[in-house]
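Note: the block below is structure_34.txt and it holds compact mmCIF, C-alpha atoms.
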# COMPACT_ATOMS: atom_id res chain seq x y z
CA MET A 1 0.00 0.00 0.00
CA GLN A 2 1.34 3.39 -1.00
CA GLU A 3 1.58 5.99 1.77
CA ILE A 4 -0.05 9.37 1.14
CA GLN A 5 -0.48 12.54 3.16
CA LEU A 6 -4.11 13.27 4.00
CA GLY A 7 -3.75 16.23 6.35
CA GLY A 8 -4.47 19.91 5.93
CA MET A 9 -7.57 21.27 4.23
CA ILE A 10 -9.26 18.72 2.00
CA SER A 11 -12.18 19.79 -0.18
CA THR A 12 -15.02 17.62 -1.26
CA VAL A 13 -16.28 18.34 -4.76
CA VAL A 14 -19.88 18.62 -5.88
CA THR A 15 -21.31 16.43 -8.61
CA PRO A 16 -22.99 18.71 -11.17
CA PHE A 17 -26.17 17.30 -12.73
CA ASP A 18 -27.83 18.64 -15.87
CA GLN A 19 -31.54 19.08 -16.70
CA ASN A 20 -31.74 15.36 -17.56
CA ASP A 21 -30.32 14.36 -14.15
CA GLU A 22 -27.09 13.21 -15.82
CA VAL A 23 -23.59 14.01 -14.56
CA ASP A 24 -22.01 17.04 -16.23
CA LEU A 25 -18.32 16.14 -16.37
CA ASP A 26 -17.32 19.42 -18.02
CA LEU A 27 -18.63 21.45 -15.07
CA LEU A 28 -16.94 18.96 -12.74
CA ARG A 29 -13.56 19.59 -14.38
CA LYS A 30 -13.94 23.35 -13.97
CA GLU A 31 -14.80 23.05 -10.29
CA VAL A 32 -11.84 20.74 -9.63
CA ALA A 33 -9.54 23.26 -11.33
CA TYR A 34 -10.96 26.03 -9.15
CA LEU A 35 -10.41 24.08 -5.92
CA LEU A 36 -6.83 23.29 -6.90
CA ASP A 37 -6.17 26.99 -7.48
CA GLN A 38 -7.34 27.73 -3.93
CA GLY A 39 -4.58 25.62 -2.38
CA VAL A 40 -6.48 22.64 -0.98
CA THR A 41 -4.35 19.66 0.00
CA ALA A 42 -6.56 16.92 -1.49
CA ILE A 43 -9.93 16.48 -3.20
CA CYS A 44 -12.62 13.97 -2.32
CA ALA A 45 -15.14 12.97 -5.00
CA CYS A 46 -18.43 11.09 -4.54
CA GLY A 47 -18.77 11.94 -0.86
CA SER A 48 -21.87 13.42 0.74
CA THR A 49 -21.24 16.83 -0.85
CA GLY A 50 -20.88 14.99 -4.15
CA GLU A 51 -24.20 13.18 -3.56
CA GLY A 52 -22.33 9.89 -3.61
CA HIS A 53 -25.26 8.04 -2.09
CA THR A 54 -27.20 8.67 -5.33
CA LEU A 55 -24.53 7.52 -7.77
CA SER A 56 -24.32 4.28 -9.69
CA LEU A 57 -21.05 2.39 -9.83
CA GLU A 58 -20.53 3.57 -13.41
CA GLU A 59 -21.21 7.21 -12.50
CA SER A 60 -18.91 7.04 -9.48
CA ALA A 61 -16.09 5.59 -11.59
CA ALA A 62 -16.54 8.21 -14.34
CA ILE A 63 -16.54 11.05 -11.80
CA CYS A 64 -13.42 9.79 -10.05
CA ARG A 65 -11.65 9.18 -13.35
CA THR A 66 -12.41 12.76 -14.38
CA VAL A 67 -11.17 14.19 -11.09
CA VAL A 68 -7.98 12.11 -11.27
CA GLU A 69 -7.34 13.36 -14.80
CA GLU A 70 -7.92 16.99 -13.87
CA VAL A 71 -5.81 16.80 -10.70
CA ALA A 72 -2.97 15.15 -12.64
CA GLY A 73 -1.07 14.11 -9.52
CA ARG A 74 -0.93 17.55 -7.90
CA VAL A 75 -2.78 16.42 -4.77
CA PRO A 76 -4.26 13.10 -3.61
CA VAL A 77 -7.72 12.14 -4.86
CA ILE A 78 -10.07 10.34 -2.46
CA GLY A 79 -13.00 8.35 -3.84
CA GLY A 80 -16.15 8.13 -1.76
CA VAL A 81 -18.06 4.90 -1.19
CA ILE A 82 -21.48 5.10 0.50
CA GLN A 83 -22.91 1.58 0.33
CA ASN A 84 -24.83 -0.74 2.59
CA SER A 85 -23.13 -4.09 2.28
CA THR A 86 -19.58 -5.30 2.17
CA ALA A 87 -20.22 -6.77 -1.29
CA GLN A 88 -21.36 -3.43 -2.73
CA ALA A 89 -18.70 -1.40 -0.95
CA ARG A 90 -16.08 -3.79 -2.28
CA ARG A 91 -17.42 -3.47 -5.86
CA TYR A 92 -17.43 0.32 -5.74
CA SER A 93 -14.02 0.44 -4.09
CA LEU A 94 -12.45 -1.74 -6.77
CA ALA A 95 -14.05 0.38 -9.50
CA LEU A 96 -12.68 3.58 -7.96
CA LYS A 97 -9.25 2.01 -7.64
CA GLU A 98 -9.42 1.21 -11.35
CA ALA A 99 -10.38 4.87 -11.94
CA GLY A 100 -7.10 5.88 -10.33
CA VAL A 101 -7.98 7.28 -6.89
CA ASP A 102 -5.24 7.44 -4.27
CA ALA A 103 -7.47 6.57 -1.31
CA LEU A 104 -11.01 5.62 -0.40
CA GLN A 105 -13.54 7.22 1.94
CA VAL A 106 -15.90 4.47 3.12
CA THR A 107 -18.97 4.74 5.35
CA PRO A 108 -19.93 1.97 7.72
CA VAL A 109 -23.00 -0.07 6.86
CA HIS A 110 -25.90 2.11 7.99
CA TYR A 111 -29.32 1.01 6.71
CA VAL A 112 -31.56 0.49 9.76
CA PHE A 113 -29.59 -2.42 11.22
CA ALA A 114 -26.37 -1.92 13.18
CA PRO A 115 -23.41 -4.26 12.63
CA SER A 116 -21.36 -5.32 15.63
CA ALA A 117 -17.81 -4.20 16.27
CA GLU A 118 -16.55 -7.51 14.88
CA GLU A 119 -18.66 -7.12 11.73
CA THR A 120 -17.51 -3.52 11.25
CA VAL A 121 -13.86 -4.52 11.50
CA ALA A 122 -14.46 -7.39 9.07
CA HIS A 123 -16.17 -4.98 6.65
CA TYR A 124 -13.15 -2.68 6.49
CA ARG A 125 -10.69 -5.56 6.46
CA GLU A 126 -12.31 -7.10 3.37
CA ILE A 127 -12.31 -3.77 1.51
CA GLY A 128 -8.73 -3.09 2.55
CA GLU A 129 -7.46 -6.49 1.48
CA ALA A 130 -9.35 -6.30 -1.83
CA THR A 131 -8.03 -2.87 -2.82
CA ASP A 132 -4.87 -2.32 -0.78
CA LEU A 133 -5.64 1.40 -0.86
CA PRO A 134 -5.54 3.76 2.13
CA ILE A 135 -9.02 4.02 3.64
CA VAL A 136 -10.65 6.92 5.46
CA LEU A 137 -13.39 5.70 7.80
CA TYR A 138 -16.23 8.13 7.13
CA ASN A 139 -17.93 8.33 10.51
CA VAL A 140 -20.99 10.31 9.46
CA VAL A 141 -24.27 8.43 9.90
CA PRO A 142 -25.88 9.54 13.21
CA TRP A 143 -27.54 6.20 13.97
CA ALA A 144 -24.54 4.11 12.90
CA LEU A 145 -21.57 5.90 14.42
CA VAL A 146 -18.50 3.76 14.92
CA GLY A 147 -17.41 4.20 18.54
CA VAL A 148 -13.88 4.83 19.70
CA ASP A 149 -13.52 1.31 21.09
CA THR A 150 -14.30 -0.15 17.66
CA ILE A 151 -12.03 2.36 15.93
CA GLU A 152 -9.20 1.24 18.22
CA ARG A 153 -9.79 -2.30 16.95
CA LEU A 154 -9.36 -1.06 13.37
CA ARG A 155 -5.65 -0.88 14.19
CA GLU A 156 -5.81 -4.50 12.96
CA VAL A 157 -6.59 -3.25 9.43
CA PRO A 158 -3.46 -1.58 8.07
CA GLN A 159 -5.30 0.04 5.14
CA VAL A 160 -7.48 2.12 7.50
CA VAL A 161 -5.29 5.17 7.95
CA ALA A 162 -7.72 7.97 8.83
CA VAL A 163 -11.02 8.79 10.46
CA LYS A 164 -13.26 11.54 9.13
CA GLN A 165 -15.31 12.48 12.17
CA SER A 166 -18.51 13.98 10.86
CA GLY A 167 -21.42 12.57 12.86
CA GLY A 168 -21.95 12.98 16.58
CA ASP A 169 -20.46 15.97 18.35
CA ILE A 170 -17.16 17.48 19.36
CA HIS A 171 -16.98 15.17 22.40
CA LEU A 172 -16.49 12.16 20.13
CA LEU A 173 -13.82 14.07 18.22
CA VAL A 174 -12.07 14.88 21.51
CA ASP A 175 -12.02 11.20 22.48
CA LEU A 176 -10.64 10.20 19.08
CA LEU A 177 -7.86 12.76 19.33
CA HIS A 178 -7.04 11.65 22.86
CA ARG A 179 -7.02 7.92 22.18
CA VAL A 180 -6.08 7.17 18.57
CA ARG A 181 -4.38 10.13 16.90
CA ASP A 182 -1.06 8.32 17.25
CA ARG A 183 -2.34 5.62 14.85
CA PHE A 184 -4.91 7.38 12.63
CA THR A 185 -5.05 10.69 10.86
CA ILE A 186 -8.04 12.46 12.42
CA LEU A 187 -9.92 14.72 10.02
CA ALA A 188 -12.54 17.13 11.35
CA ALA A 189 -15.83 17.29 9.46
CA LEU A 190 -18.00 19.23 11.90
CA ASP A 191 -18.09 22.26 9.65
CA ASP A 192 -18.66 24.90 12.33
CA LEU A 193 -15.95 23.52 14.62
CA HIS A 194 -12.82 23.37 12.47
CA TYR A 195 -11.00 26.05 14.43
CA PRO A 196 -11.28 24.32 17.85
CA ALA A 197 -10.62 20.95 16.21
CA PHE A 198 -7.34 22.22 14.79
CA VAL A 199 -6.36 23.73 18.14
CA MET A 200 -6.99 20.35 19.80
CA GLY A 201 -4.69 18.63 17.34
CA ALA A 202 -6.82 17.39 14.44
CA HIS A 203 -4.62 16.64 11.46
CA GLY A 204 -6.88 18.55 9.09
CA ALA A 205 -10.42 18.70 7.77
CA LEU A 206 -12.36 16.90 5.07
CA ALA A 207 -15.76 18.51 4.86
CA ALA A 208 -18.39 20.43 2.93
CA ILE A 209 -17.49 23.98 3.94
CA PRO A 210 -14.00 23.95 2.33
CA THR A 211 -15.85 23.34 -0.93
CA VAL A 212 -17.75 26.61 -0.52
CA THR A 213 -14.97 28.63 1.17
CA PRO A 214 -11.76 26.88 0.05
CA ARG A 215 -9.43 29.87 0.26
CA LEU A 216 -10.70 30.98 3.67
CA SER A 217 -10.55 27.40 4.96
CA VAL A 218 -6.95 26.97 3.79
CA GLU A 219 -6.07 30.28 5.44
CA LEU A 220 -7.74 29.12 8.67
CA TRP A 221 -5.67 25.94 8.71
CA ASP A 222 -2.49 27.89 8.01
CA ALA A 223 -3.25 30.50 10.70
CA VAL A 224 -3.66 27.82 13.38
CA GLN A 225 -0.44 26.10 12.33
CA GLN A 226 1.33 29.47 12.61
CA GLY A 227 -0.19 30.20 16.03
CA ASP A 228 -2.00 33.30 14.72
CA HIS A 229 -5.19 32.84 16.72
CA SER A 230 -6.61 36.32 16.24
CA ARG A 231 -6.50 35.74 12.49
CA ALA A 232 -7.85 32.21 12.90
CA LEU A 233 -10.82 33.43 14.94
CA GLU A 234 -11.64 36.10 12.37
CA LEU A 235 -11.56 33.50 9.60
CA HIS A 236 -13.62 31.06 11.68
CA GLU A 237 -16.36 33.65 12.11
CA ARG A 238 -16.44 34.51 8.41
CA ILE A 239 -16.67 30.84 7.49
CA LEU A 240 -19.29 30.22 10.18
CA THR A 241 -21.52 32.92 8.67
CA VAL A 242 -21.54 31.03 5.37
CA TRP A 243 -22.03 27.62 6.99
CA ARG A 244 -25.08 28.79 8.94
CA ALA A 245 -26.61 30.02 5.69
CA ILE A 246 -26.15 26.75 3.78
CA ASP A 247 -26.65 24.20 6.57
CA ALA A 248 -30.02 22.68 5.72
CA PRO A 249 -31.65 19.32 4.91
CA ASN A 250 -31.21 20.12 1.20
CA LEU A 251 -27.47 20.78 1.60
CA PRO A 252 -26.51 19.67 -1.95
CA ALA A 253 -28.86 22.34 -3.31
CA THR A 254 -27.69 25.10 -0.97
CA ILE A 255 -24.02 24.33 -1.60
CA LYS A 256 -24.56 24.53 -5.35
CA ALA A 257 -26.38 27.84 -4.91
CA ALA A 258 -23.44 29.18 -2.89
CA LEU A 259 -21.01 28.15 -5.62
CA GLU A 260 -23.15 29.65 -8.38
CA LEU A 261 -23.43 32.95 -6.50
CA GLN A 262 -19.62 33.04 -6.47
CA GLY A 263 -19.50 32.58 -10.23
CA ARG A 264 -18.83 28.83 -10.08
CA PRO A 265 -21.50 26.98 -12.12
CA ALA A 266 -22.28 23.77 -10.22
CA GLY A 267 -25.25 22.31 -12.03
CA LEU A 268 -28.38 21.01 -10.36
CA PRO A 269 -28.80 18.75 -7.33
CA ARG A 270 -29.91 15.21 -8.13
CA ARG A 271 -33.65 14.68 -8.04
CA PRO A 272 -35.82 14.56 -6.04
CA PHE A 273 -34.02 17.65 -4.66
CA ALA A 274 -34.85 20.89 -6.41
CA PRO A 275 -32.54 23.88 -6.77
CA ALA A 276 -32.38 26.28 -3.85
CA THR A 277 -35.35 28.62 -3.63
CA GLU A 278 -35.01 32.36 -4.14
CA SER A 279 -35.45 32.82 -0.39
CA GLU A 280 -32.58 30.42 0.27
CA ARG A 281 -30.43 32.08 -2.36
CA SER A 282 -31.09 35.48 -0.78
CA ARG A 283 -30.01 34.16 2.62
CA ILE A 284 -26.85 32.65 1.13
CA ARG A 285 -26.07 35.79 -0.86
CA THR A 286 -26.26 37.88 2.31
CA ALA A 287 -23.87 35.49 4.10
CA LEU A 288 -21.39 35.48 1.23
CA ARG A 289 -21.35 39.27 1.24
CA ALA A 290 -20.85 39.36 4.99
CA ALA A 291 -17.87 37.02 4.54
CA ASN A 292 -16.46 39.26 1.78
CA LEU A 293 -16.70 36.46 -0.76
CA ILE A 294 -18.88 38.39 -3.20
CA ASP A 295 -19.51 42.10 -3.80

Using structure tokens, write down the structure that the file contains.
Amino acid sequence: MQEIQLGGMISTVVTPFDQNDEVDLDLLRKEVAYLLDQGVTAICACGSTGEGHTLSLEESAAICRTVVEEVAGRVPVIGGVIQNSTAQARRYSLALKEAGVDALQVTPVHYVFAPSAEETVAHYREIGEATDLPIVLYNVVPWALVGVDTIERLREVPQVVAVKQSGGDIHLLVDLLHRVRDRFTILAALDDLHYPAFVMGAHGALAAIPTVTPRLSVELWDAVQQGDHSRALELHERILTVWRAIDAPNLPATIKAALELQGRPAGLPRRPFAPATESERSRIRTALRAANLID
């Protein structure tokens, strides 16, 4: 397994859909190029921001192949897998490996029923052995969070190299940093808490907000690393203003509205979600202006 660096500020990337609900790869390429120009340290495709839960295997592979081509080795590319059985997660993971990704971001099984610790470890072990790619455990689903005790047992799976802590609260992140940051890269994904997460020792962030505010998010990471906490707090508050405006049950739609308002065409959300309403766009526009991201 090849070692890669997954710290710093990692952006997810949206999946643009056209009027026919098909993936628009041309818009995807433009958005990847924009994120690279903002200084992000890696790009994750087909995650939650990329509506990965809606994507077929063929779509996921085409998206990741496009991102890999556009990135051209400048930063690592992480391919997202959001599936509900080991068999399906394995199929998607192998397809994304064939597409050229450097690492995988894999959710635990999460549909209604909860696997045991032993079953969760076996799930990641089978994917790791099949692909031999670095794996980020995507700990996002509120009713299927993988606890710290189980994550400690994932030391047995050498391919699991990082935990993206998205679900739960900052208390779970604190426990992860205290107990397992010597073994795993811990990536913060609680979008309104990146500043305190970095201060507590998180190795970086992999989340939705660096997609909307990539330059500010990179500057926040850099400010904390430099010990410039007055600057970090100012950046945190600007970013928080934007996050509060887009944080909603229809997040793919509000994120795409935020990108479009910045002059970054992002296509439509996948149906059944509709584009953001004019009221939502007005709220987001006000937040972007307050954060000095648009005139």

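Atom CA of A:Val106 to atom CA of A:Leu133 spans 11.4 Å [interatomic distance, one decimal].
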
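Proximity to A:Val212 was assessed for A:Ala291, A:Leu176, A:Cys64, A:Ala258 counting only C-alpha atoms; the smallest distance is recorded for A:Ala258.
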
Original post:
Which polymer residues have any atom within 12 Å of an atom of A:Ala245, counting all atoms listed in the file, with same-chain residues fewer than 5 positions away left out, as a ChimeraX atom specification?
Top reply: /A:192,209,212,238-240,250-251,254-255,257-258,276,279-291

List the neighbours of A:Ala207 out to 10 Å using only C-alpha atoms; skip same-chain residues closer than 6 positions along the sequence, and give me the result as a PDB file with C-alpha atoms, in the frame of the given file.
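Now in result23.pdb:
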ATOM      1  CA  MET A   9      -7.570  21.270   4.230  1.00  0.00           C
ATOM      2  CA  ILE A  10      -9.260  18.720   2.000  1.00  0.00           C
ATOM      3  CA  SER A  11     -12.180  19.790  -0.180  1.00  0.00           C
ATOM      4  CA  THR A  12     -15.020  17.620  -1.260  1.00  0.00           C
ATOM      5  CA  VAL A  13     -16.280  18.340  -4.760  1.00  0.00           C
ATOM      6  CA  CYS A  44     -12.620  13.970  -2.320  1.00  0.00           C
ATOM      7  CA  GLY A  47     -18.770  11.940  -0.860  1.00  0.00           C
ATOM      8  CA  SER A  48     -21.870  13.420   0.740  1.00  0.00           C
ATOM      9  CA  THR A  49     -21.240  16.830  -0.850  1.00  0.00           C
ATOM     10  CA  LYS A 164     -13.260  11.540   9.130  1.00  0.00           C
ATOM     11  CA  GLN A 165     -15.310  12.480  12.170  1.00  0.00           C
ATOM     12  CA  SER A 166     -18.510  13.980  10.860  1.00  0.00           C
ATOM     13  CA  LEU A 187      -9.920  14.720  10.020  1.00  0.00           C
ATOM     14  CA  ALA A 188     -12.540  17.130  11.350  1.00  0.00           C
ATOM     15  CA  ALA A 189     -15.830  17.290   9.460  1.00  0.00           C
ATOM     16  CA  LEU A 190     -18.000  19.230  11.900  1.00  0.00           C
ATOM     17  CA  ASP A 191     -18.090  22.260   9.650  1.00  0.00           C
ATOM     18  CA  HIS A 194     -12.820  23.370  12.470  1.00  0.00           C
TER      19      HIS A 194
END

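The interatomic distance for the pair atom CA of A:Leu177 and atom CA of A:Pro158 works out to 18.8 Å.
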
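Counting only C-alpha atoms, the residue from A:Ala122, A:Ala205, A:Leu27, A:Val112 that sits nearest to A:Val218 is A:Ala205.
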
**OP:** Can you pull out every residue within 9 Å of A:Lys30, counting all atoms listed in the file, but drop anything in the same chain fewer than 3 positions away, and send it as a PyMOL selection string?
**Re:** chain A and resi 25-27+33-35+70+264-265

**OP:** Tell me, as a ChimeraX atom specification, which residues lie within 7 Å of stretch 135-137 of chain A, counting only C-alpha atoms; anything in the same chain fewer than 4 positions away does not count.
**Re:** /A:103-107,159-164

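A straight line drawn from atom CA of A:Val75 to atom CA of A:Ala42 is 5.0 Å long.
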
**OP:** Might you pull out every residue within 8 Å of stretch 221-233 of chain A, with all atoms listed in the file counted and same-chain residues fewer than 5 positions away left off, and present them as a PyMOL selection string?
**Re:** chain A and resi 8-9+195+198-199+204

For the structure just given, write the atoms of stretch 117-175 of chain A, namely C-alpha atoms, as a compact mmCIF listing (two decimals), in the first residue's frame.
# COMPACT_ATOMS: atom_id res chain seq x y z
CA ALA A 117 -17.81 -4.20 16.27
CA GLU A 118 -16.55 -7.51 14.88
CA GLU A 119 -18.66 -7.12 11.73
CA THR A 120 -17.51 -3.52 11.25
CA VAL A 121 -13.86 -4.52 11.50
CA ALA A 122 -14.46 -7.39 9.07
CA HIS A 123 -16.17 -4.98 6.65
CA TYR A 124 -13.15 -2.68 6.49
CA ARG A 125 -10.69 -5.56 6.46
CA GLU A 126 -12.31 -7.10 3.37
CA ILE A 127 -12.31 -3.77 1.51
CA GLY A 128 -8.73 -3.09 2.55
CA GLU A 129 -7.46 -6.49 1.48
CA ALA A 130 -9.35 -6.30 -1.83
CA THR A 131 -8.03 -2.87 -2.82
CA ASP A 132 -4.87 -2.32 -0.78
CA LEU A 133 -5.64 1.40 -0.86
CA PRO A 134 -5.54 3.76 2.13
CA ILE A 135 -9.02 4.02 3.64
CA VAL A 136 -10.65 6.92 5.46
CA LEU A 137 -13.39 5.70 7.80
CA TYR A 138 -16.23 8.13 7.13
CA ASN A 139 -17.93 8.33 10.51
CA VAL A 140 -20.99 10.31 9.46
CA VAL A 141 -24.27 8.43 9.90
CA PRO A 142 -25.88 9.54 13.21
CA TRP A 143 -27.54 6.20 13.97
CA ALA A 144 -24.54 4.11 12.90
CA LEU A 145 -21.57 5.90 14.42
CA VAL A 146 -18.50 3.76 14.92
CA GLY A 147 -17.41 4.20 18.54
CA VAL A 148 -13.88 4.83 19.70
CA ASP A 149 -13.52 1.31 21.09
CA THR A 150 -14.30 -0.15 17.66
CA ILE A 151 -12.03 2.36 15.93
CA GLU A 152 -9.20 1.24 18.22
CA ARG A 153 -9.79 -2.30 16.95
CA LEU A 154 -9.36 -1.06 13.37
CA ARG A 155 -5.65 -0.88 14.19
CA GLU A 156 -5.81 -4.50 12.96
CA VAL A 157 -6.59 -3.25 9.43
CA PRO A 158 -3.46 -1.58 8.07
CA GLN A 159 -5.30 0.04 5.14
CA VAL A 160 -7.48 2.12 7.50
CA VAL A 161 -5.29 5.17 7.95
CA ALA A 162 -7.72 7.97 8.83
CA VAL A 163 -11.02 8.79 10.46
CA LYS A 164 -13.26 11.54 9.13
CA GLN A 165 -15.31 12.48 12.17
CA SER A 166 -18.51 13.98 10.86
CA GLY A 167 -21.42 12.57 12.86
CA GLY A 168 -21.95 12.98 16.58
CA ASP A 169 -20.46 15.97 18.35
CA ILE A 170 -17.16 17.48 19.36
CA HIS A 171 -16.98 15.17 22.40
CA LEU A 172 -16.49 12.16 20.13
CA LEU A 173 -13.82 14.07 18.22
CA VAL A 174 -12.07 14.88 21.51
CA ASP A 175 -12.02 11.20 22.48
